[in-house]
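File shown here: target04.txt, holding compact mmCIF, C-alpha atoms and all ligand atoms.
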# COMPACT_ATOMS: atom_id res chain seq x y z
CA MET A 1 3.39 10.32 -16.10
CA ASN A 2 5.43 13.47 -15.71
CA SER A 3 5.00 13.33 -11.99
CA THR A 4 6.23 9.75 -11.96
CA CYS A 5 9.36 10.75 -13.84
CA THR A 6 9.92 13.66 -11.47
CA ILE A 7 9.62 11.41 -8.48
CA HIS A 8 12.11 9.00 -9.91
CA ALA A 9 14.56 11.75 -10.64
CA ARG A 10 14.31 12.94 -7.06
CA LEU A 11 14.58 9.47 -5.61
CA ARG A 12 17.34 8.05 -7.75
CA GLN A 13 20.00 8.76 -5.19
CA ALA A 14 18.03 7.39 -2.26
CA LEU A 15 17.09 4.24 -4.15
CA CYS A 16 20.65 3.56 -5.21
CA ALA A 17 21.85 3.98 -1.64
CA LEU A 18 19.17 1.62 -0.44
CA LEU A 19 19.93 -0.92 -3.14
CA LEU A 20 23.58 -0.77 -2.28
CA VAL A 21 22.64 -1.95 1.18
CA ALA A 22 20.28 -4.58 -0.21
CA THR A 23 22.63 -6.02 -2.80
CA LEU A 24 26.29 -5.39 -1.96
CA GLY A 25 25.66 -6.55 1.53
CA ALA A 26 24.44 -9.84 0.11
CA PRO A 27 25.30 -12.11 3.06
CA HIS A 28 23.21 -9.89 5.30
CA VAL A 29 20.29 -9.67 2.91
CA GLY A 30 19.37 -13.31 3.30
CA ALA A 31 19.68 -13.14 7.04
CA ALA A 32 17.62 -9.95 7.24
CA ALA A 33 14.97 -11.35 4.93
CA SER A 34 14.68 -14.54 6.92
CA ASP A 35 14.43 -12.54 10.12
CA PHE A 36 11.28 -10.86 8.89
CA GLY A 37 8.31 -12.69 10.31
CA ARG A 38 9.92 -13.79 13.56
CA PHE A 39 8.04 -11.18 15.52
CA ALA A 40 8.60 -10.53 19.23
CA ARG A 41 6.80 -8.45 21.84
CA ASN A 42 9.11 -5.51 21.33
CA ASP A 43 8.45 -5.36 17.60
CA VAL A 44 6.26 -2.69 16.04
CA LEU A 45 4.92 -3.41 12.57
CA LEU A 46 3.67 -0.49 10.47
CA VAL A 47 1.68 -1.27 7.31
CA VAL A 48 1.49 1.59 4.82
CA ALA A 49 -1.58 1.22 2.60
CA PRO A 50 -2.36 3.53 -0.33
CA HIS A 51 -6.10 2.68 -0.10
CA PRO A 52 -8.48 0.91 2.28
CA ASP A 53 -8.22 -2.86 1.59
CA ASP A 54 -4.56 -2.91 0.51
CA GLU A 55 -3.41 -3.63 4.07
CA THR A 56 -5.56 -6.75 4.20
CA LEU A 57 -4.82 -7.99 0.68
CA CYS A 58 -1.08 -7.69 1.07
CA CYS A 59 -0.43 -8.27 4.69
CA ALA A 60 -3.26 -9.75 6.78
CA GLY A 61 -1.12 -12.80 7.56
CA ALA A 62 1.88 -10.81 8.77
CA ILE A 63 -0.40 -8.53 10.78
CA GLN A 64 -1.96 -11.50 12.58
CA ARG A 65 1.42 -13.14 13.21
CA ALA A 66 2.82 -9.97 14.72
CA ARG A 67 -0.19 -9.46 16.97
CA ALA A 68 -0.08 -13.11 18.09
CA ALA A 69 3.53 -12.54 19.15
CA GLY A 70 2.46 -9.56 21.24
CA ALA A 71 3.90 -6.99 18.88
CA ARG A 72 2.15 -3.69 18.19
CA VAL A 73 0.73 -3.24 14.72
CA ALA A 74 -0.27 0.08 13.17
CA ILE A 75 -1.80 0.80 9.79
CA VAL A 76 -1.59 4.10 7.96
CA TRP A 77 -3.86 4.67 4.96
CA ILE A 78 -2.53 7.33 2.60
CA THR A 79 -5.89 7.89 0.83
CA SER A 80 -9.44 6.99 1.72
CA GLY A 81 -10.35 5.57 -1.68
CA ASP A 82 -12.45 8.53 -2.76
CA GLY A 83 -11.72 8.21 -6.47
CA PHE A 84 -13.53 4.98 -7.28
CA GLU A 85 -16.48 6.48 -9.12
CA LEU A 86 -17.85 3.27 -10.61
CA ASP A 87 -18.00 1.78 -7.15
CA ALA A 88 -19.78 4.86 -5.81
CA HIS A 89 -22.49 4.38 -8.43
CA LEU A 90 -23.10 0.85 -7.20
CA VAL A 91 -22.95 1.69 -3.51
CA GLU A 92 -25.23 4.69 -3.78
CA HIS A 93 -27.55 3.11 -6.36
CA ARG A 94 -27.60 6.39 -8.24
CA PHE A 95 -26.44 7.28 -11.72
CA PHE A 96 -25.14 10.73 -10.81
CA ILE A 97 -22.82 10.54 -7.85
CA GLY A 98 -20.92 13.82 -7.70
CA THR A 99 -18.45 14.90 -5.10
CA GLN A 100 -20.71 14.25 -2.12
CA GLY A 101 -21.25 10.66 -3.20
CA LEU A 102 -17.52 10.06 -3.41
CA LEU A 103 -16.92 11.66 -0.01
CA GLU A 104 -19.59 9.38 1.42
CA LEU A 105 -18.03 6.35 -0.28
CA ALA A 106 -14.71 7.24 1.36
CA ARG A 107 -16.35 7.45 4.78
CA ILE A 108 -17.83 3.99 4.27
CA ARG A 109 -14.49 2.65 3.07
CA MET A 110 -12.77 4.01 6.19
CA GLN A 111 -15.38 2.27 8.34
CA GLU A 112 -14.74 -0.95 6.47
CA ALA A 113 -11.00 -0.54 6.95
CA ALA A 114 -11.44 0.02 10.67
CA ARG A 115 -13.59 -3.12 10.94
CA ALA A 116 -11.07 -5.18 8.97
CA ALA A 117 -8.25 -3.89 11.17
CA GLN A 118 -10.26 -4.73 14.27
CA LEU A 119 -10.74 -8.29 12.98
CA LEU A 120 -6.95 -8.49 12.63
CA ALA A 121 -6.55 -7.23 16.23
CA VAL A 122 -5.15 -3.82 15.34
CA ALA A 123 -6.09 -1.30 18.03
CA PRO A 124 -8.22 1.70 16.98
CA ALA A 125 -5.57 4.06 18.36
CA GLU A 126 -3.08 2.56 15.94
CA GLN A 127 -5.18 3.11 12.81
CA PHE A 128 -4.25 6.30 10.95
CA PHE A 129 -6.23 7.70 8.03
CA LEU A 130 -4.25 10.49 6.38
CA GLY A 131 -7.08 11.34 3.95
CA TYR A 132 -5.04 12.39 0.91
CA PRO A 133 -6.67 12.11 -2.54
CA ASP A 134 -7.20 8.76 -4.24
CA GLY A 135 -5.42 8.87 -7.58
CA GLY A 136 -3.38 11.92 -6.61
CA VAL A 137 -0.42 10.61 -4.62
CA ALA A 138 2.06 10.87 -7.48
CA GLU A 139 0.83 14.39 -8.21
CA LEU A 140 1.44 15.39 -4.59
CA LEU A 141 4.99 14.11 -4.73
CA GLY A 142 5.59 15.73 -8.10
CA SER A 143 4.06 18.92 -9.41
CA HIS A 144 1.96 19.49 -6.27
CA HIS A 145 4.69 19.10 -3.72
CA ASP A 146 4.12 22.67 -2.56
CA LEU A 147 1.16 23.80 -4.66
CA PRO A 148 -2.21 22.55 -3.35
CA TYR A 149 -3.84 19.84 -5.46
CA ARG A 150 -7.56 19.68 -6.21
CA SER A 151 -9.02 16.18 -6.37
CA PRO A 152 -10.87 15.77 -9.67
CA HIS A 153 -13.16 13.31 -7.90
CA THR A 154 -14.21 15.12 -4.72
CA GLY A 155 -13.18 18.68 -5.55
CA ALA A 156 -11.36 18.83 -2.22
CA VAL A 157 -8.13 20.81 -1.87
CA ALA A 158 -7.56 19.74 1.73
CA VAL A 159 -8.22 16.65 3.85
CA PRO A 160 -12.03 16.63 4.11
CA TYR A 161 -12.51 13.89 6.71
CA SER A 162 -13.05 14.64 10.39
CA GLN A 163 -11.69 11.22 11.36
CA ALA A 164 -8.42 11.83 9.50
CA TYR A 165 -5.07 12.28 11.18
CA LEU A 166 -5.01 16.01 10.42
CA PRO A 167 -8.32 17.27 9.00
CA GLY A 168 -8.00 20.37 6.89
CA ALA A 169 -4.40 19.77 5.86
CA ALA A 170 -3.88 21.16 2.38
CA TYR A 171 -3.34 18.59 -0.34
CA THR A 172 0.39 19.08 -0.84
CA GLY A 173 3.29 16.66 -0.95
CA THR A 174 4.91 18.56 1.87
CA ASN A 175 1.95 17.88 4.15
CA LEU A 176 1.69 14.24 3.12
CA GLU A 177 5.37 13.72 3.88
CA ARG A 178 4.97 15.50 7.22
CA ASP A 179 1.98 13.37 8.27
CA LEU A 180 3.55 10.06 7.29
CA ARG A 181 6.75 10.99 9.05
CA ALA A 182 4.78 11.95 12.17
CA VAL A 183 3.10 8.53 12.25
CA ILE A 184 6.45 6.78 11.80
CA GLU A 185 8.07 8.82 14.55
CA ARG A 186 5.10 8.21 16.85
CA MET A 187 5.04 4.42 16.29
CA GLN A 188 8.81 3.86 15.99
CA PRO A 189 8.29 0.78 13.81
CA THR A 190 10.84 -2.01 13.77
CA TRP A 191 9.34 -3.16 10.45
CA VAL A 192 7.49 -1.23 7.75
CA LEU A 193 5.49 -2.90 4.97
CA ALA A 194 5.10 -0.77 1.83
CA PRO A 195 4.22 -1.27 -1.84
CA THR A 196 7.07 -1.88 -4.24
CA PRO A 197 7.52 0.87 -6.85
CA LEU A 198 7.01 -1.95 -9.37
CA ASP A 199 3.30 -2.11 -8.52
CA ALA A 200 1.09 -1.33 -11.53
CA HIS A 201 -1.01 1.27 -9.69
CA GLU A 202 0.38 4.78 -9.66
CA ASP A 203 -0.75 5.53 -6.09
CA HIS A 204 1.05 2.38 -4.97
CA ARG A 205 4.25 3.23 -6.78
CA ALA A 206 4.27 6.75 -5.37
CA THR A 207 3.51 5.48 -1.87
CA GLY A 208 6.40 3.03 -2.08
CA GLU A 209 8.74 5.78 -3.17
CA LEU A 210 7.52 8.05 -0.38
CA VAL A 211 8.21 5.34 2.21
CA ILE A 212 11.67 4.67 0.78
CA ARG A 213 12.53 8.35 0.92
CA THR A 214 11.20 8.79 4.43
CA MET A 215 12.81 5.69 5.90
CA GLU A 216 16.08 6.46 4.11
CA SER A 217 16.12 9.91 5.70
CA LEU A 218 15.65 8.26 9.08
CA GLY A 219 18.46 5.81 8.39
CA ARG A 220 16.07 2.87 8.68
CA ALA A 221 15.44 1.82 5.08
CA ALA A 222 16.70 -1.69 5.80
CA ARG A 223 13.63 -2.24 7.99
CA VAL A 224 11.21 -1.94 5.06
CA ARG A 225 9.73 -4.98 3.34
CA TYR A 226 7.86 -4.57 0.06
CA TRP A 227 4.60 -6.08 -1.15
CA ILE A 228 2.66 -5.93 -4.41
CA VAL A 229 -1.11 -5.90 -5.00
CA HIS A 230 -1.39 -4.81 -8.63
CA GLY A 231 0.94 -7.22 -10.36
CA GLY A 232 -0.61 -6.88 -13.81
CA ILE A 233 -3.61 -8.30 -15.61
CA GLY A 234 -4.51 -11.78 -14.40
CA TRP A 235 -2.44 -11.67 -11.22
CA PRO A 236 -2.88 -13.20 -8.70
CA TRP A 237 -3.83 -16.46 -10.32
CA PRO A 238 -6.04 -18.38 -9.92
CA ARG A 239 -8.77 -15.86 -9.21
CA GLY A 240 -11.29 -16.45 -6.45
CA LEU A 241 -10.79 -18.27 -3.18
CA HIS A 242 -8.02 -20.87 -3.46
CA PRO A 243 -6.37 -20.92 -0.04
CA GLU A 244 -4.31 -24.04 -0.75
CA ASP A 245 -2.59 -22.53 -3.80
CA ALA A 246 0.70 -20.63 -3.69
CA LEU A 247 0.96 -16.90 -4.31
CA LEU A 248 3.73 -16.59 -6.90
CA PRO A 249 5.48 -13.30 -7.77
CA PRO A 250 4.02 -11.50 -10.79
CA ARG A 251 6.02 -11.29 -13.98
CA ARG A 252 6.65 -7.55 -13.66
CA ALA A 253 8.40 -8.02 -10.32
CA ARG A 254 9.58 -11.61 -10.41
CA GLU A 255 13.28 -10.72 -10.16
CA LEU A 256 12.91 -9.17 -6.72
CA PRO A 257 14.24 -11.17 -3.76
CA TRP A 258 10.86 -12.41 -2.59
CA GLN A 259 10.46 -14.17 0.72
CA ASP A 260 7.60 -16.60 1.17
CA PHE A 261 5.60 -15.97 4.30
CA ALA A 262 3.53 -19.11 4.92
CA LEU A 263 0.10 -18.66 6.49
CA THR A 264 -1.60 -21.09 8.80
CA SER A 265 -5.09 -22.28 8.01
CA ALA A 266 -6.46 -20.04 10.76
CA GLU A 267 -4.59 -17.03 9.38
CA ARG A 268 -6.01 -17.68 5.92
CA ASP A 269 -9.52 -17.94 7.34
CA ALA A 270 -9.13 -14.66 9.21
CA LYS A 271 -7.70 -12.99 6.10
CA ALA A 272 -10.75 -14.08 4.12
CA SER A 273 -13.02 -12.75 6.86
CA ALA A 274 -11.25 -9.39 6.87
CA ILE A 275 -11.56 -9.15 3.09
CA GLY A 276 -15.25 -9.96 3.49
CA VAL A 277 -15.71 -6.75 5.46
CA TYR A 278 -15.00 -4.68 2.35
CA GLU A 279 -18.51 -4.84 0.99
CA THR A 280 -18.10 -1.78 -1.23
CA GLN A 281 -15.10 -3.33 -2.99
CA LEU A 282 -16.51 -6.82 -3.23
CA LEU A 283 -19.36 -5.48 -5.34
CA LEU A 284 -16.96 -5.24 -8.27
CA THR A 285 -13.84 -7.13 -7.41
CA SER A 286 -14.57 -10.11 -5.18
CA SER A 287 -12.70 -12.55 -7.43
CA PHE A 288 -9.61 -10.31 -7.45
CA MET A 289 -9.68 -9.67 -3.70
CA LEU A 290 -10.24 -13.27 -2.65
CA SER A 291 -7.36 -14.40 -4.85
CA PHE A 292 -5.02 -12.94 -2.21
CA VAL A 293 -6.12 -15.62 0.24
CA LYS A 294 -3.46 -18.14 -0.58
CA ARG A 295 -1.16 -20.36 1.43
CA ASN A 296 1.46 -17.61 1.60
CA GLU A 297 2.14 -13.91 1.30
CA ILE A 298 5.25 -12.55 -0.41
CA TYR A 299 7.59 -9.81 0.79
CA SER A 300 10.72 -8.46 -0.83
CA SER A 301 13.72 -7.05 1.01
CA ALA A 302 14.46 -4.74 -1.94
CA PRO A 303 12.03 -2.35 -3.66
CA LEU A 304 13.66 -2.55 -7.08
CA LEU A 305 16.67 -4.09 -8.75
CA PRO A 306 19.83 -2.04 -9.41
CA ALA A 307 19.51 -2.59 -13.17
CA LEU A 308 15.99 -1.21 -13.09
CA VAL A 309 17.13 1.96 -11.42
CA GLN A 310 20.18 2.38 -13.65
CA HIS A 311 18.17 2.08 -16.84
CA ASP A 312 15.13 3.89 -15.59
CA ILE A 313 13.02 0.89 -16.48
CA VAL A 314 10.66 1.74 -13.69
CA VAL A 315 9.40 4.74 -15.62
CA LYS A 316 9.26 2.76 -18.86
CA THR A 317 7.48 -0.10 -17.15
CA ALA A 318 4.97 2.30 -15.69
CA ALA A 319 4.29 3.75 -19.11
CA ALA A 320 3.91 0.35 -20.75
CA GLU A 321 1.64 -1.12 -18.13
CA ASP A 322 -0.53 1.80 -17.23
CA LEU A 323 -3.32 -0.01 -19.03
CA THR A 324 -4.23 -1.43 -15.65
CA ALA A 325 -3.33 1.65 -13.63
CA SER A 326 -5.72 3.76 -15.67
CA LEU A 327 -8.59 1.68 -14.39
CA PRO A 328 -10.27 2.40 -11.05
CA HIS A 329 -8.23 1.17 -8.14
CA ALA A 330 -9.70 -2.23 -7.52
CA VAL A 331 -10.84 -3.21 -11.00
CA LYS A 332 -7.71 -5.18 -11.86
ZN ZN B 401 -4.63 0.28 -3.53

How does this structure look as structure tokens?
Amino acid sequence: MNSTCTIHARLRQALCALLLVATLGAPHVGAAASDFGRFARNDVLLVVAPHPDDETLCCAGAIQRARAAGARVAIVWITSGDGFELDAHLVEHRFFIGTQGLLELARIRMQEAARAAQLLAVAPAEQFFLGYPDGGVAELLGSHHDLPYRSPHTGAVAVPYSQAYLPGAAYTGTNLERDLRAVIERMQPTWVLAPTPLDAHEDHRATGELVIRTMESLGRAARVRYWIVHGGIGWPWPRGLHPEDALLPPRRARELPWQDFALTSAERDAKASAIGVYETQLLLTSSFMLSFVKRNEIYSSAPLLPALVQHDIVVKTAAAEDLTASLPHAVK
């Protein structure tokens, strides 16, 4: 929790500047929000996912729409999901998993992510696994910005995956920021999709804040749209596969300026197929994952509301609702 507070202290100024754009420029907000989704060949969509599967749960519809328009789509995964110990037990069919079991789980999860991305027509060259530690993103941006972090799950102090963007990079916030920035500068996205800092999962909140800070420093924060995957217990509702139902904003983020992004029947089918690739996650969370296949996705043009920033409610909200964030990533 300390790291979360630290991050918010550091980001207060950037968030306020961004929110000034998103709120005081009200006539432009609507226009900008409605522009999102009208992809063209010269667009480049970058999806920033804290873990393998987030990109599909949040954004499979937008990814397909962009590719159908001829736009480039890239996905960058901040972590490889190597902290989900309960899942590793099931996948490995062993009681004692240890660090090697979690490293192996992460390799499988990266393979699943690559297959899901392929189903959504994202080119292999535009899939970037950064390999930072599951459950440690807020720590990297806080107390381990410069001091290497050791994953309590894998024991790693540096990116341990040969298929990662920069294998061997020490687990520091400085390196994470550098790698994400390098991907952004390489892809030159016209749109970036990132988690809102109102998401209930700490890795998601920290990732959202990292994207805000990075895009703000590049002067392109207005090109970010925000999604949510962990909206609190019971969200999305109904659970399971209900592709004709609407995805409504969760209570914890319902005041954000959400834009409905309607999916075609074919897009919903492909989203369900891409989710189906995540066999390791479906072992425990199929009902949760399939509940994202609905008639629409939702994107917000603002990460937070001005009142939330002014009163630091983000930190308080995080503290109050960490009941869900304390659980393994997908068990929500
Ligand atoms: Zn996640």

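Considering all atoms listed in the file, every residue of the polymer chains approaching ligand ZN 401 (chain B) to 9 Å or closer is listed here: Ala49, Pro50, His51, Pro52, Asp53, Asp54, Glu55, Thr79, Gly81, Asp134, His201, Asp203, His204, Val229, His230, His329 and Ala330 of chain A.
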
Identify the residues around (1.1, -2.8, 20.4) within a radius of 10 Å, measuring from only C-alpha atoms in the coordinates stated by the file, and give them as a short mmCIF file (atom, residue, chain, number, x, y, z; two decimals) with C-alpha atoms, in the coordinates of the input.
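Below is the file out-v9.cif, written as the result:
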data_model
loop_
_atom_site.label_atom_id
_atom_site.label_comp_id
_atom_site.auth_asym_id
_atom_site.auth_seq_id
_atom_site.Cartn_x
_atom_site.Cartn_y
_atom_site.Cartn_z
CA ARG A 41 6.80 -8.45 21.84
CA ASN A 42 9.11 -5.51 21.33
CA ASP A 43 8.45 -5.36 17.60
CA VAL A 44 6.26 -2.69 16.04
CA LEU A 45 4.92 -3.41 12.57
CA ALA A 66 2.82 -9.97 14.72
CA ARG A 67 -0.19 -9.46 16.97
CA GLY A 70 2.46 -9.56 21.24
CA ALA A 71 3.90 -6.99 18.88
CA ARG A 72 2.15 -3.69 18.19
CA VAL A 73 0.73 -3.24 14.72
CA ALA A 74 -0.27 0.08 13.17
CA ALA A 121 -6.55 -7.23 16.23
CA VAL A 122 -5.15 -3.82 15.34
CA ALA A 123 -6.09 -1.30 18.03
CA ALA A 125 -5.57 4.06 18.36
CA GLU A 126 -3.08 2.56 15.94
CA MET A 187 5.04 4.42 16.29
#

**Prompt:** At what distance in Å, to one decimal, does CA of Ile233 (chain A) lie from CA of Ala206 (chain A)?
**Reply:** 19.8 Å

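Taking only C-alpha atoms into account, Leu263 (chain A) lies nearest to A:Ile298 out of the set A:Ile298, A:Leu283, A:Leu241, A:Ala182.
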
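CA of Pro249 (chain A) is found 11.1 Å from CA of Asn296 (chain A).
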
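Separating CA of Pro236 (chain A) from CA of Ser286 (chain A) is a distance of 12.6 Å.
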
**Message:** as a list in words, please: the residues near Arg239 (chain A) (cut-off 12 Å, only C-alpha atoms, same-chain neighbours under 6 positions excluded).
**Reply:** Ile233, Asp245, Ala246, Leu247, Thr285, Ser286, Ser287, Phe288, Met289, Leu290, Ser291, Phe292, Val293, Lys294 and Lys332 of chain A

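The list of residues with at least one atom within 9 Å of Ser265 (chain A), based on only C-alpha atoms and without residues fewer than 2 positions apart in the same chain, reads Pro243, Glu244, Leu263, Glu267, Arg268, Asp269, Ala270 and Arg295 of chain A.
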
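Proximity of A:Ala106, A:Met215, A:Leu119, A:Leu304 to Pro189 (chain A), computed with all atoms listed in the file, is greatest for A:Met215.
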
**Item:** Surrounding residues of Cys59 (chain A) excluding itself and chain neighbours under 4 positions, 9 Å, all atoms listed in the file, as a ChimeraX atom specification
**Value:** /A:47,54-55,63-64,193,227,271,297-298

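Minimum atom-to-atom distance to Arg181 (chain A), evaluated using all atoms listed in the file, belongs to A:Ile78 out of A:Leu282, A:Leu147, A:Ile78, A:Val157.
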
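Excluding Arg254 (chain A) itself and any same-chain residue fewer than 5 positions from it, the protein and nucleic acid residues within 12 Å of it, counting all atoms listed in the file, are A:Thr196, A:Leu198, A:Asp199, A:Trp227, A:Ile228, A:Gly231, A:Gly232, A:Leu247, A:Leu248, A:Pro249, A:Gln259, A:Ile298, A:Tyr299, A:Ser300, A:Ala302, A:Pro303, A:Leu304, A:Leu305.
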
Put a box with edges along x, y and z around all the listed atoms of region 39-56 of chain A, pad it by 6 Å on each side, then give me its centre and sizes in Å, one decimal, as lines of an AutoDock Vina configuration file.
center_x = 0.3
center_y = -3.8
center_z = 10.8
size_x = 29.6
size_y = 26.7
size_z = 34.2

**Fill in**
Among A:Gln281, A:Thr56, A:Gln127, A:Ser301, Gln163 (chain A) is approached most closely, using all atoms listed in the file, by A:Gln127

Please provide as a PDB file with C-alpha atoms, in the frame of the given file all residues within 7 Å of Thr174 (chain A), with the sequence filter that same-chain residues fewer than 2 positions apart are discarded (counting all atoms listed in the file).
ATOM      1  CA  HIS A 145       4.690  19.100  -3.720  1.00  0.00           C
ATOM      2  CA  ASP A 146       4.120  22.670  -2.560  1.00  0.00           C
ATOM      3  CA  THR A 172       0.390  19.080  -0.840  1.00  0.00           C
ATOM      4  CA  LEU A 176       1.690  14.240   3.120  1.00  0.00           C
ATOM      5  CA  GLU A 177       5.370  13.720   3.880  1.00  0.00           C
ATOM      6  CA  ARG A 178       4.970  15.500   7.220  1.00  0.00           C
TER       7      ARG A 178
END

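Distance annotation: of A:Trp258, A:Gly83, A:Glu209, A:Leu218, the residue with the minimal separation from Gln188 (chain A) is A:Leu218; atom set is only C-alpha atoms.
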
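Distances from A:Ile212, A:Leu256, A:Ala221, A:Leu284 to Phe84 (chain A) were compared using only C-alpha atoms, and the smallest one belongs to A:Leu284.
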